[in-house]
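K.L.:
structure-v8.csv (CSV, C-alpha atoms) pasted underneath:
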chain,number,residue,atom,x,y,z
G,16,TYR,CA,0.0,0.0,0.0
G,17,LEU,CA,2.7,2.5,1.0
G,18,VAL,CA,4.9,1.9,-2.0
G,19,ASN,CA,1.9,2.3,-4.3
G,20,GLN,CA,1.4,5.6,-2.6
G,21,GLY,CA,4.8,6.8,-3.6
G,22,VAL,CA,6.6,6.1,-0.3
G,23,LEU,CA,10.2,5.0,-0.7
G,24,LEU,CA,10.7,1.3,0.2
G,25,GLN,CA,13.0,2.0,3.1
G,26,ASP,CA,10.4,4.4,4.6
G,27,ALA,CA,7.6,1.9,3.9
G,28,ARG,CA,9.4,-0.8,5.8
G,29,ASP,CA,9.7,1.6,8.8
G,30,TYR,CA,5.9,2.0,9.1
G,31,ALA,CA,4.3,2.2,12.5
G,32,PHE,CA,0.7,1.9,13.8
G,33,GLY,CA,-1.2,4.7,15.4
G,34,GLY,CA,-4.4,3.9,17.1
G,35,CYS,CA,-5.6,0.4,16.2
G,36,LEU,CA,-4.5,-0.1,12.6
G,37,ASP,CA,-3.7,3.3,11.3
G,38,VAL,CA,-0.5,3.1,9.2
G,39,ASN,CA,2.0,5.9,9.7
G,40,ILE,CA,5.5,6.8,8.6
G,41,PRO,CA,7.3,8.1,11.7
G,42,GLY,CA,7.9,11.8,11.3
G,43,LYS,CA,6.6,11.9,7.7
G,44,SER,CA,2.9,11.4,8.1
G,45,ARG,CA,0.0,11.9,10.5
G,46,ILE,CA,-3.3,10.2,11.0
G,47,ASN,CA,-6.2,12.3,12.4
G,48,ALA,CA,-9.3,11.3,14.2
G,49,PHE,CA,-12.0,10.5,11.6
G,50,GLY,CA,-15.6,9.5,11.8
G,51,MET,CA,-17.0,6.0,11.3
G,52,PHE,CA,-19.1,5.9,8.1
G,53,ILE,CA,-22.1,3.6,8.6
G,54,VAL,CA,-22.6,2.3,5.0
G,55,PRO,CA,-25.9,0.4,5.7
G,56,ARG,CA,-27.5,3.7,6.6
G,57,VAL,CA,-26.9,4.8,3.0
G,58,PHE,CA,-28.3,1.5,1.7
G,59,GLU,CA,-31.4,2.1,3.8
G,60,ILE,CA,-31.8,5.6,2.4
G,61,THR,CA,-31.2,4.4,-1.1
G,62,MET,CA,-34.1,1.9,-0.8
G,63,ASN,CA,-36.3,4.9,0.1
G,64,ASN,CA,-35.2,7.2,-2.7
G,65,GLY,CA,-33.0,9.4,-0.5
G,66,ILE,CA,-35.5,9.6,2.4
G,67,ASP,CA,-34.6,8.6,5.9
G,68,PRO,CA,-37.4,6.2,6.8
G,69,ARG,CA,-37.2,7.0,10.5
G,70,THR,CA,-37.7,10.8,10.1
G,71,GLY,CA,-39.3,11.1,6.7
G,72,LYS,CA,-36.7,13.7,5.7
G,73,GLN,CA,-35.0,13.9,2.3
G,74,LEU,CA,-31.4,13.4,3.4
G,75,GLY,CA,-30.0,11.9,0.2
G,76,LEU,CA,-30.3,12.3,-3.5
G,77,LYS,CA,-33.5,11.2,-5.3
G,78,THR,CA,-31.9,8.2,-7.0
G,79,GLY,CA,-35.2,6.6,-7.9
G,80,ASP,CA,-37.8,4.4,-6.1
G,81,PHE,CA,-36.5,0.9,-5.4
G,82,GLU,CA,-39.8,-0.6,-6.5
G,83,LYS,CA,-39.3,0.9,-10.0
G,84,SER,CA,-35.8,-0.5,-10.4
G,85,LYS,CA,-35.9,-2.6,-13.6
G,86,THR,CA,-32.6,-4.5,-13.0
G,87,PHE,CA,-30.2,-5.2,-10.2
G,88,ASP,CA,-27.6,-3.0,-11.9
G,89,ASP,CA,-30.1,-0.1,-11.8
G,90,PHE,CA,-30.4,-0.5,-8.0
G,91,MET,CA,-26.6,-1.0,-7.5
G,92,ASN,CA,-25.9,2.1,-9.5
G,93,ALA,CA,-28.4,4.1,-7.5
G,94,PHE,CA,-26.7,2.9,-4.3
G,95,LYS,CA,-23.2,3.9,-5.6
G,96,LYS,CA,-24.5,7.3,-6.6
G,97,GLN,CA,-26.0,7.8,-3.1
G,98,LEU,CA,-22.9,6.5,-1.5
G,99,ALA,CA,-20.6,8.9,-3.3
G,100,TYR,CA,-22.8,11.8,-2.3
G,101,PHE,CA,-22.7,10.9,1.4
G,102,MET,CA,-18.9,10.3,1.1
G,103,GLY,CA,-18.6,13.8,-0.2
G,104,LEU,CA,-20.5,15.2,2.8
G,105,ALA,CA,-18.3,13.2,5.2
G,106,VAL,CA,-15.2,14.7,3.5
G,107,GLU,CA,-16.6,18.2,3.8
G,108,GLU,CA,-17.1,17.6,7.6
G,109,HIS,CA,-13.5,16.3,7.8
G,110,ASN,CA,-12.1,19.4,6.0
G,111,ILE,CA,-14.0,21.8,8.2
G,112,THR,CA,-12.6,20.0,11.3
G,113,LEU,CA,-9.0,20.0,9.8
G,114,ARG,CA,-9.2,23.7,9.0
G,115,ALA,CA,-10.5,24.5,12.5
G,116,GLN,CA,-7.6,22.5,14.0
G,117,THR,CA,-5.1,24.3,11.8
G,118,GLU,CA,-6.3,27.8,12.9
G,119,LEU,CA,-7.2,27.2,16.5
G,120,PHE,CA,-5.0,24.5,17.8
G,121,PRO,CA,-1.3,24.9,16.9
G,122,ASP,CA,0.8,21.9,18.0
G,123,PRO,CA,4.4,22.8,18.7
G,124,VAL,CA,5.3,19.5,20.4
G,125,HIS,CA,4.3,17.4,17.4
G,126,SER,CA,5.6,20.0,15.0
G,127,ILE,CA,9.3,19.7,16.2
G,128,MET,CA,9.2,15.9,15.8
G,129,MET,CA,8.3,15.9,12.1
G,130,VAL,CA,10.9,15.6,9.4
G,131,ASP,CA,12.6,18.9,8.4
G,132,ALA,CA,10.8,20.7,11.2
G,133,ILE,CA,13.4,23.5,11.6
G,134,LYS,CA,14.0,23.8,7.8
G,135,VAL,CA,10.3,24.1,7.1
G,136,GLY,CA,9.6,26.4,10.1
G,137,LYS,CA,5.8,25.7,10.1
G,138,ASP,CA,3.3,24.2,12.5
G,139,VAL,CA,2.6,20.5,11.7
G,140,LEU,CA,-1.0,21.4,11.0
G,141,ASP,CA,0.0,24.0,8.4
G,142,ARG,CA,2.2,21.9,6.2
G,143,VAL,CA,1.9,19.0,3.7
G,144,LEU,CA,3.9,16.0,4.9
G,145,PRO,CA,5.8,13.5,2.6
G,146,PHE,CA,3.0,11.0,3.0
G,147,GLU,CA,-0.2,12.9,3.6
G,148,ASN,CA,-2.8,10.7,5.3
G,149,GLY,CA,-4.4,13.4,7.5
G,150,SER,CA,-7.9,12.5,6.3
G,151,ALA,CA,-9.4,9.1,5.7
G,152,LEU,CA,-12.8,7.7,4.8
G,153,ASN,CA,-13.6,4.7,7.0
G,154,CYS,CA,-16.4,2.3,6.1
G,155,VAL,CA,-18.3,0.3,8.7
G,156,GLY,CA,-20.9,-2.4,7.8
G,157,MET,CA,-20.0,-2.8,4.2
G,158,ILE,CA,-20.3,-6.6,4.6
G,159,ASN,CA,-23.9,-6.2,5.7
G,160,VAL,CA,-24.5,-4.2,2.5
G,161,ALA,CA,-22.8,-6.9,0.4
G,162,ASP,CA,-25.0,-9.6,2.0
G,163,SER,CA,-28.1,-7.4,1.5
G,164,MET,CA,-27.3,-6.8,-2.1
G,165,ALA,CA,-26.8,-10.5,-2.7
G,166,ALA,CA,-30.3,-11.2,-1.1
G,167,VAL,CA,-31.9,-8.5,-3.3
G,168,LYS,CA,-30.2,-9.8,-6.4
G,169,LYS,CA,-31.1,-13.5,-5.8
G,170,LEU,CA,-34.6,-13.2,-4.4
G,171,VAL,CA,-35.9,-10.2,-6.2
G,172,PHE,CA,-34.2,-10.0,-9.6
G,173,ASP,CA,-32.8,-13.5,-10.4
G,174,GLU,CA,-35.4,-15.9,-8.9
G,175,LYS,CA,-38.2,-13.4,-8.5
G,176,LYS,CA,-39.4,-15.1,-5.3
G,177,VAL,CA,-40.0,-11.8,-3.5
G,178,THR,CA,-41.4,-8.6,-5.0
G,179,LYS,CA,-39.7,-5.3,-4.3
G,180,LYS,CA,-42.9,-4.1,-2.6
G,181,GLU,CA,-42.9,-7.1,-0.3
G,182,LEU,CA,-39.3,-6.7,0.6
G,183,LYS,CA,-39.7,-3.0,1.5
G,184,ALA,CA,-42.8,-3.9,3.5
G,185,ALA,CA,-40.9,-6.6,5.4
G,186,LEU,CA,-38.0,-4.3,6.2
G,187,ALA,CA,-40.4,-1.5,7.4
G,188,ALA,CA,-42.2,-4.1,9.6
G,189,ASN,CA,-38.8,-5.3,11.0
G,190,TRP,CA,-39.8,-8.8,9.6
G,191,GLN,CA,-42.9,-9.0,11.8
G,192,GLY,CA,-45.6,-10.8,9.7
G,193,TYR,CA,-43.0,-11.6,7.0
G,194,GLU,CA,-41.3,-14.6,8.6
G,195,GLU,CA,-41.1,-16.5,5.3
G,196,ILE,CA,-39.4,-13.7,3.5
G,197,HIS,CA,-37.0,-13.3,6.5
G,198,LYS,CA,-36.1,-17.0,6.2
G,199,MET,CA,-35.3,-16.6,2.5
G,200,CYS,CA,-33.2,-13.6,3.2
G,201,LEU,CA,-31.2,-15.4,5.9
G,202,ALA,CA,-30.7,-18.3,3.5
G,203,ALA,CA,-29.4,-16.1,0.7
G,204,PRO,CA,-25.7,-16.3,-0.1
G,205,LYS,CA,-23.5,-14.8,2.7
G,206,TYR,CA,-20.0,-13.4,2.6
G,207,GLY,CA,-17.5,-15.6,4.5
G,208,ASN,CA,-18.4,-18.9,2.8
G,209,GLY,CA,-16.2,-18.6,-0.3
G,210,ASP,CA,-19.3,-18.1,-2.5
G,211,PRO,CA,-18.4,-16.0,-5.6
G,212,TYR,CA,-22.1,-14.9,-5.9
G,213,VAL,CA,-21.8,-12.6,-2.8
G,214,ASP,CA,-18.0,-12.3,-2.6
G,215,SER,CA,-17.9,-10.6,-6.0
G,216,ILE,CA,-20.4,-8.0,-4.8
G,217,ALA,CA,-18.3,-7.3,-1.7
G,218,ALA,CA,-15.2,-6.9,-3.9
G,219,GLU,CA,-17.1,-4.5,-6.2
G,220,LEU,CA,-18.3,-2.4,-3.3
G,221,TYR,CA,-14.9,-2.1,-1.6
G,222,GLN,CA,-13.3,-1.2,-4.9
G,223,PHE,CA,-15.9,1.5,-5.4
G,224,TRP,CA,-15.2,2.9,-2.0
G,225,ALA,CA,-11.5,3.0,-2.6
G,226,ASP,CA,-11.7,4.5,-6.0
G,227,THR,CA,-14.2,7.2,-4.9
G,228,ALA,CA,-12.3,8.1,-1.7
G,229,VAL,CA,-9.2,9.2,-3.5
G,230,THR,CA,-11.1,11.7,-5.7
G,231,PHE,CA,-11.7,14.0,-2.8
G,232,PRO,CA,-9.0,16.6,-1.8
G,233,THR,CA,-8.3,17.4,1.8
G,234,ALA,CA,-7.7,20.7,3.7
G,235,TRP,CA,-4.2,19.5,4.7
G,236,GLY,CA,-3.1,18.6,1.2
G,237,GLY,CA,-3.3,15.4,-0.8
G,238,THR,CA,-6.4,13.3,-1.2
G,239,VAL,CA,-8.5,11.3,1.2
G,240,LYS,CA,-7.3,7.8,2.0
G,241,PRO,CA,-9.7,4.8,2.1
G,242,THR,CA,-9.5,2.7,5.2
G,243,GLY,CA,-11.5,0.1,7.0
G,244,ILE,CA,-11.5,-0.3,10.8
G,245,SER,CA,-14.5,-0.5,13.1
G,246,ILE,CA,-13.3,-0.1,16.7
G,247,THR,CA,-16.7,-0.6,18.3
G,248,ALA,CA,-18.7,1.4,15.8
G,249,HIS,CA,-20.5,-1.6,14.5
G,250,ALA,CA,-22.7,-1.6,17.6
G,251,PRO,CA,-23.9,2.0,17.7
G,252,GLY,CA,-23.9,1.9,13.9
G,253,GLY,CA,-26.3,-1.0,14.0
G,254,ALA,CA,-28.4,0.7,16.6
G,255,LEU,CA,-29.0,3.5,14.1
G,256,THR,CA,-29.9,1.3,11.2
G,257,GLY,CA,-33.2,-0.4,10.4
G,258,ALA,CA,-33.7,-3.9,9.2
G,259,THR,CA,-31.7,-4.9,6.2
G,260,PRO,CA,-32.2,-7.6,3.5
G,261,ASP,CA,-29.3,-9.7,4.9
G,262,GLY,CA,-31.7,-10.8,7.6
G,263,ARG,CA,-30.7,-8.3,10.3
G,264,PHE,CA,-33.3,-6.9,12.6
G,265,ALA,CA,-33.5,-3.2,13.2
G,266,GLY,CA,-31.0,-2.1,15.7
G,267,GLU,CA,-28.9,-5.3,15.5
G,268,THR,CA,-25.2,-5.0,15.6
G,269,LEU,CA,-23.4,-4.8,12.2
G,270,ALA,CA,-20.6,-7.1,11.1
G,271,ASP,CA,-17.5,-6.4,13.0
G,272,GLY,CA,-14.2,-5.3,11.4
G,273,THR,CA,-14.3,-4.8,7.6
G,274,MET,CA,-13.3,-8.2,6.2
G,275,SER,CA,-15.2,-10.1,8.9
G,276,PRO,CA,-18.4,-12.0,8.0
G,277,GLY,CA,-21.6,-11.2,9.7
G,278,GLN,CA,-21.9,-12.9,13.1
G,279,GLY,CA,-22.7,-16.6,12.6
G,280,ARG,CA,-23.1,-16.2,8.9
G,281,ASP,CA,-19.8,-18.0,8.0
G,282,THR,CA,-20.7,-21.7,8.1
G,283,HIS,CA,-18.1,-23.4,5.9
G,284,GLY,CA,-15.0,-23.2,8.1
G,285,PRO,CA,-12.0,-20.8,8.4
G,286,THR,CA,-10.6,-21.4,4.9
G,287,ALA,CA,-13.9,-20.3,3.3
G,288,VAL,CA,-13.7,-17.1,5.3
G,289,LEU,CA,-10.3,-16.4,3.9
G,290,ARG,CA,-11.4,-17.2,0.4
G,291,SER,CA,-14.1,-14.5,0.8
G,292,ALA,CA,-11.7,-12.0,2.2
G,293,MET,CA,-9.0,-12.7,-0.4
G,294,ALA,CA,-11.6,-11.9,-3.1
G,295,ILE,CA,-11.4,-8.3,-2.1
G,296,ASN,CA,-8.6,-6.1,-3.3
G,297,GLN,CA,-7.2,-4.7,0.0
G,298,ILE,CA,-4.1,-3.0,-1.4
G,299,PRO,CA,-5.8,0.4,-1.9
G,300,TYR,CA,-6.7,0.5,1.8
G,301,GLN,CA,-4.7,2.0,4.6
G,302,ALA,CA,-6.1,-0.6,6.9
G,303,THR,CA,-8.5,-3.5,6.9
G,304,LEU,CA,-9.6,-5.7,9.7
G,305,LEU,CA,-10.5,-9.4,9.9
G,306,ASN,CA,-11.5,-11.0,13.2
G,307,MET,CA,-11.9,-14.8,13.7
G,308,LYS,CA,-12.8,-16.9,16.7
G,309,PHE,CA,-11.6,-20.4,17.5
G,310,HIS,CA,-12.8,-22.7,20.1
G,311,PRO,CA,-9.9,-23.6,22.5
G,312,SER,CA,-10.2,-27.3,21.6
G,313,ALA,CA,-9.1,-26.3,18.0
G,314,LEU,CA,-5.7,-25.1,19.1
G,315,LYS,CA,-4.4,-27.8,21.5
G,316,SER,CA,-1.7,-29.5,19.6
G,317,THR,CA,1.4,-28.5,17.7
G,318,GLU,CA,-0.3,-29.7,14.6
G,319,ASP,CA,-3.2,-27.3,15.3
G,320,LEU,CA,-0.8,-24.4,15.7
G,321,SER,CA,0.9,-25.3,12.5
G,322,LYS,CA,-2.5,-25.2,10.7
G,323,LEU,CA,-3.1,-21.7,12.2
G,324,SER,CA,0.3,-20.6,11.0
G,325,SER,CA,-0.4,-21.8,7.5
G,326,LEU,CA,-3.8,-20.0,7.6
G,327,ILE,CA,-2.1,-16.7,8.4
G,328,LYS,CA,0.7,-17.1,5.8
G,329,THR,CA,-1.9,-18.0,3.2
G,330,TYR,CA,-3.9,-14.9,3.9
G,331,PHE,CA,-1.0,-12.5,3.9
G,332,SER,CA,0.5,-14.0,0.8
G,333,ALA,CA,-2.8,-13.4,-1.1
G,334,GLY,CA,-3.0,-9.7,-0.1
G,335,GLY,CA,-4.6,-9.8,3.3
G,336,LYS,CA,-3.6,-7.0,5.6
G,337,HIS,CA,-4.6,-8.0,9.0
G,338,ILE,CA,-6.1,-11.0,10.9
G,339,GLN,CA,-6.5,-11.6,14.6
G,340,PHE,CA,-8.1,-14.3,16.7
G,341,ASN,CA,-10.0,-14.9,19.9
G,342,VAL,CA,-9.5,-18.4,21.3
G,343,VAL,CA,-12.3,-18.6,23.9
G,344,ASP,CA,-15.3,-20.7,24.7
G,345,ARG,CA,-18.7,-19.0,24.3
G,346,LYS,CA,-19.8,-20.6,27.6
G,347,MET,CA,-17.0,-18.8,29.4
G,348,LEU,CA,-18.0,-15.5,27.9
G,349,GLN,CA,-21.6,-16.1,28.9
G,350,ASP,CA,-20.5,-16.8,32.4
G,351,ALA,CA,-18.3,-13.7,32.4
G,352,GLN,CA,-21.4,-11.6,31.5
G,353,GLU,CA,-23.4,-13.1,34.4
G,354,HIS,CA,-20.5,-13.0,36.9
G,355,PRO,CA,-18.1,-10.2,35.9
G,356,GLU,CA,-16.4,-10.3,39.3
G,357,LYS,CA,-14.9,-13.7,38.4
G,358,TYR,CA,-13.4,-12.5,35.1
G,359,ARG,CA,-11.7,-9.2,35.7
G,360,ASP,CA,-8.6,-10.3,33.9
G,361,LEU,CA,-10.3,-11.8,30.8
G,362,ILE,CA,-8.9,-9.9,27.7
G,363,ILE,CA,-10.7,-10.2,24.4
G,364,ARG,CA,-9.8,-9.0,20.9
G,365,VAL,CA,-12.6,-6.6,19.9
G,366,ALA,CA,-11.7,-4.9,16.6
G,367,GLY,CA,-8.1,-3.8,16.1
G,368,TYR,CA,-7.5,-3.8,19.8
G,369,SER,CA,-7.8,-5.8,23.0
G,370,ALA,CA,-10.0,-4.9,26.0
G,371,TYR,CA,-11.2,-6.4,29.2
G,372,PHE,CA,-14.3,-8.3,28.4
G,373,VAL,CA,-16.3,-7.2,31.5
G,374,GLN,CA,-15.7,-3.5,30.7
G,375,LEU,CA,-17.2,-3.7,27.2
G,376,THR,CA,-20.8,-2.6,26.6
G,377,ARG,CA,-23.4,-5.4,26.5
G,378,PRO,CA,-24.1,-5.1,22.8
G,379,VAL,CA,-20.3,-5.5,22.0
G,380,GLN,CA,-20.1,-8.4,24.4
G,381,ASP,CA,-23.1,-10.0,22.7
G,382,GLU,CA,-21.6,-9.4,19.2
G,383,ILE,CA,-18.3,-11.2,20.2
G,384,MET,CA,-20.3,-14.2,21.5
G,385,MET,CA,-22.2,-14.3,18.3
G,386,ARG,CA,-19.1,-14.7,16.1
G,387,THR,CA,-18.7,-18.2,14.7
G,388,GLU,CA,-16.4,-20.5,16.7
G,389,HIS,CA,-14.2,-22.2,14.1
G,390,GLY,CA,-12.2,-25.5,14.3
G,391,PHE,CA,-9.9,-27.2,11.8
G,392,ASN,CA,-12.3,-29.9,10.8
G,393,GLY,CA,-14.0,-27.9,8.0
Since I need it in another form, could you write the structure as structure tokens?

P.N.:
Amino acid sequence: YLVNQGVLLQDARDYAFGGCLDVNIPGKSRINAFGMFIVPRVFEITMNNGIDPRTGKQLGLKTGDFEKSKTFDDFMNAFKKQLAYFMGLAVEEHNITLRAQTELFPDPVHSIMMVDAIKVGKDVLDRVLPFENGSALNCVGMINVADSMAAVKKLVFDEKKVTKKELKAALAANWQGYEEIHKMCLAAPKYGNGDPYVDSIAAELYQFWADTAVTFPTAWGGTVKPTGISITAHAPGGALTGATPDGRFAGETLADGTMSPGQGRDTHGPTAVLRSAMAINQIPYQATLLNMKFHPSALKSTEDLSKLSSLIKTYFSAGGKHIQFNVVDRKMLQDAQEHPEKYRDLIIRVAGYSAYFVQLTRPVQDEIMMRTEHGFNG
């Protein structure tokens, strides 16, 4: 990624992380706090012709009524148009924030630690750095959109088992009274199982995000960088989002990470998860995030550890950026929820970071427990 951004190889090899997974070149770049962009909210607004179904307000573009979409490509193009519009709004907010920081909060301590500080003679917020990554667009919940698009494509356009009107009504009702449609949506192809039907959609969406992000200039110089981390934004992001065609209920937590499958939706073993993630071109991204969970019984022997090592090497050799694991029993986590005093030292990998399980919010705890427990028998 860094070499493709014009960074010299010796500098690229000297990279360091800031925050969870934010790539930096010491003294030559800076990452700034940026918002979490909840992509399924844009999907929801697209299905309603730019209107937020919760408030009835016209928040997005009038990209057309979903019920009048003649083909799946029509709907996908409407979503991409809507997504690019909201990405632009996010960049505008970022640039206002960056400009305010530049004018109101000079930073002499950081300034003197940057390359050529004395020679340039400027505050770090008032100069362009050799690798300018001061603004990034970070997508959360893209996998839910990919699964939703796959359900729409298969059930509405390919097999015509569900009408557009029925699907919209089912989502508006949060599936109540539409249990059969809900079952069909849950059974539709899901990312994380090595299925090209949905993996190709995920790859297309992530490529669109990356290609679009770099078209926006930033107030600090250079262009916006695409990235994909979640921290814990998939919980509040899900709370803000209504039911989606992947089978989610309104308010339910979104898929964690950015390369991770939806919780419990990956049913074909760990290698299938990697096949899905490797279908996505991750090189344009400053960061991506893949979480996996293994049952402790899966990693007892030297042979088991060797399999895990091969899994990691395979993923990285095929372009994967990041992978991390929880090796824990769901029963233990359930007990920790009920008796936190017994598990004060239980540390869990959440997104790009570790945290004490008992200090996490209940929705995040529940999301971690819902992740598929893998073994090496599939």

K.L.:
Could you name the residues that touch G:Ala151 at 9 Å or less, counting only C-alpha atoms, but leaving out those on the same chain fewer than 3 positions away, as a PDB file with C-alpha atoms, keeping the file's coordinate frame?

P.N.:
ATOM      1  CA  ILE G  46      -3.300  10.200  11.000  1.00  0.00           C
ATOM      2  CA  ASN G  47      -6.200  12.300  12.400  1.00  0.00           C
ATOM      3  CA  ALA G  48      -9.300  11.300  14.200  1.00  0.00           C
ATOM      4  CA  PHE G  49     -12.000  10.500  11.600  1.00  0.00           C
ATOM      5  CA  GLY G  50     -15.600   9.500  11.800  1.00  0.00           C
ATOM      6  CA  VAL G 106     -15.200  14.700   3.500  1.00  0.00           C
ATOM      7  CA  HIS G 109     -13.500  16.300   7.800  1.00  0.00           C
ATOM      8  CA  ASN G 148      -2.800  10.700   5.300  1.00  0.00           C
ATOM      9  CA  ALA G 228     -12.300   8.100  -1.700  1.00  0.00           C
ATOM     10  CA  THR G 238      -6.400  13.300  -1.200  1.00  0.00           C
ATOM     11  CA  VAL G 239      -8.500  11.300   1.200  1.00  0.00           C
ATOM     12  CA  LYS G 240      -7.300   7.800   2.000  1.00  0.00           C
ATOM     13  CA  PRO G 241      -9.700   4.800   2.100  1.00  0.00           C
ATOM     14  CA  THR G 242      -9.500   2.700   5.200  1.00  0.00           C
ATOM     15  CA  GLN G 301      -4.700   2.000   4.600  1.00  0.00           C
TER      16      GLN G 301
END

K.L.:
Give me the stretch 215-330 of chain G side of the contact with stretch 176-192 of chain G, cut-off 9 Å, one line per residue showing its nearest atom pair and distance in Å at one decimal, counting only C-alpha atoms, sorted by chain and residue number, as a Markdown table.

P.N.:
| residue | atom | partner | partner_atom | distance |
| --- | --- | --- | --- | --- |
| G:Gly257 | CA | G:Asn189 | CA | 7.5 |
| G:Ala258 | CA | G:Leu186 | CA | 5.3 |
| G:Thr259 | CA | G:Leu186 | CA | 6.3 |
| G:Pro260 | CA | G:Leu186 | CA | 7.2 |
| G:Gly262 | CA | G:Trp190 | CA | 8.6 |
| G:Arg263 | CA | G:Asn189 | CA | 8.7 |
| G:Phe264 | CA | G:Asn189 | CA | 5.9 |
| G:Ala265 | CA | G:Asn189 | CA | 6.1 |

K.L.:
Write the residues of the preceding selection, restricted to C-alpha atoms, as a compact mmCIF listing (two decimals), keeping the file's coordinate frame.

P.N.:
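This went into part.txt:
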# COMPACT_ATOMS: atom_id res chain seq x y z
CA GLY G 257 -33.20 -0.40 10.40
CA ALA G 258 -33.70 -3.90 9.20
CA THR G 259 -31.70 -4.90 6.20
CA PRO G 260 -32.20 -7.60 3.50
CA GLY G 262 -31.70 -10.80 7.60
CA ARG G 263 -30.70 -8.30 10.30
CA PHE G 264 -33.30 -6.90 12.60
CA ALA G 265 -33.50 -3.20 13.20

K.L.:
Which one of G:Asp381, G:Asp350, G:Glu267, G:Asp173 sits closest to G:Thr86 if you count only C-alpha atoms?

P.N.:
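Result for the nearest residue to G:Thr86: G:Asp173.
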
K.L.:
What are the closest atom pairs, with distances in Å to one decimal, for all residues of stretch 183-288 of chain G lying within 10 Å of stretch 113-122 of chain G? Consider all atoms listed in the file, order rows by chain and residue number, and present the result as CSV.

P.N.:
residue,atom,partner,partner_atom,distance
G:Thr233,CA,G:Leu113,CA,8.4
G:Ala234,CA,G:Arg114,CA,6.3
G:Trp235,CA,G:Leu113,CA,7.0

K.L.:
How many Å separate atom CA of G:Thr78 from atom CA of G:Phe90?

P.N.:
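For atom CA of G:Thr78 relative to atom CA of G:Phe90, the distance reads 8.9 Å.
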
K.L.:
Quick one: residues within 10 Å of (4.0, 2.4, 8.1) (file frame), counting only C-alpha atoms, please, as a list in words.

P.N.:
Tyr16, Leu17, Val22, Asp26, Ala27, Arg28, Asp29, Tyr30, Ala31, Phe32, Gly33, Leu36, Asp37, Val38, Asn39, Ile40, Pro41, Lys43, Ser44 and Gln301 of chain G
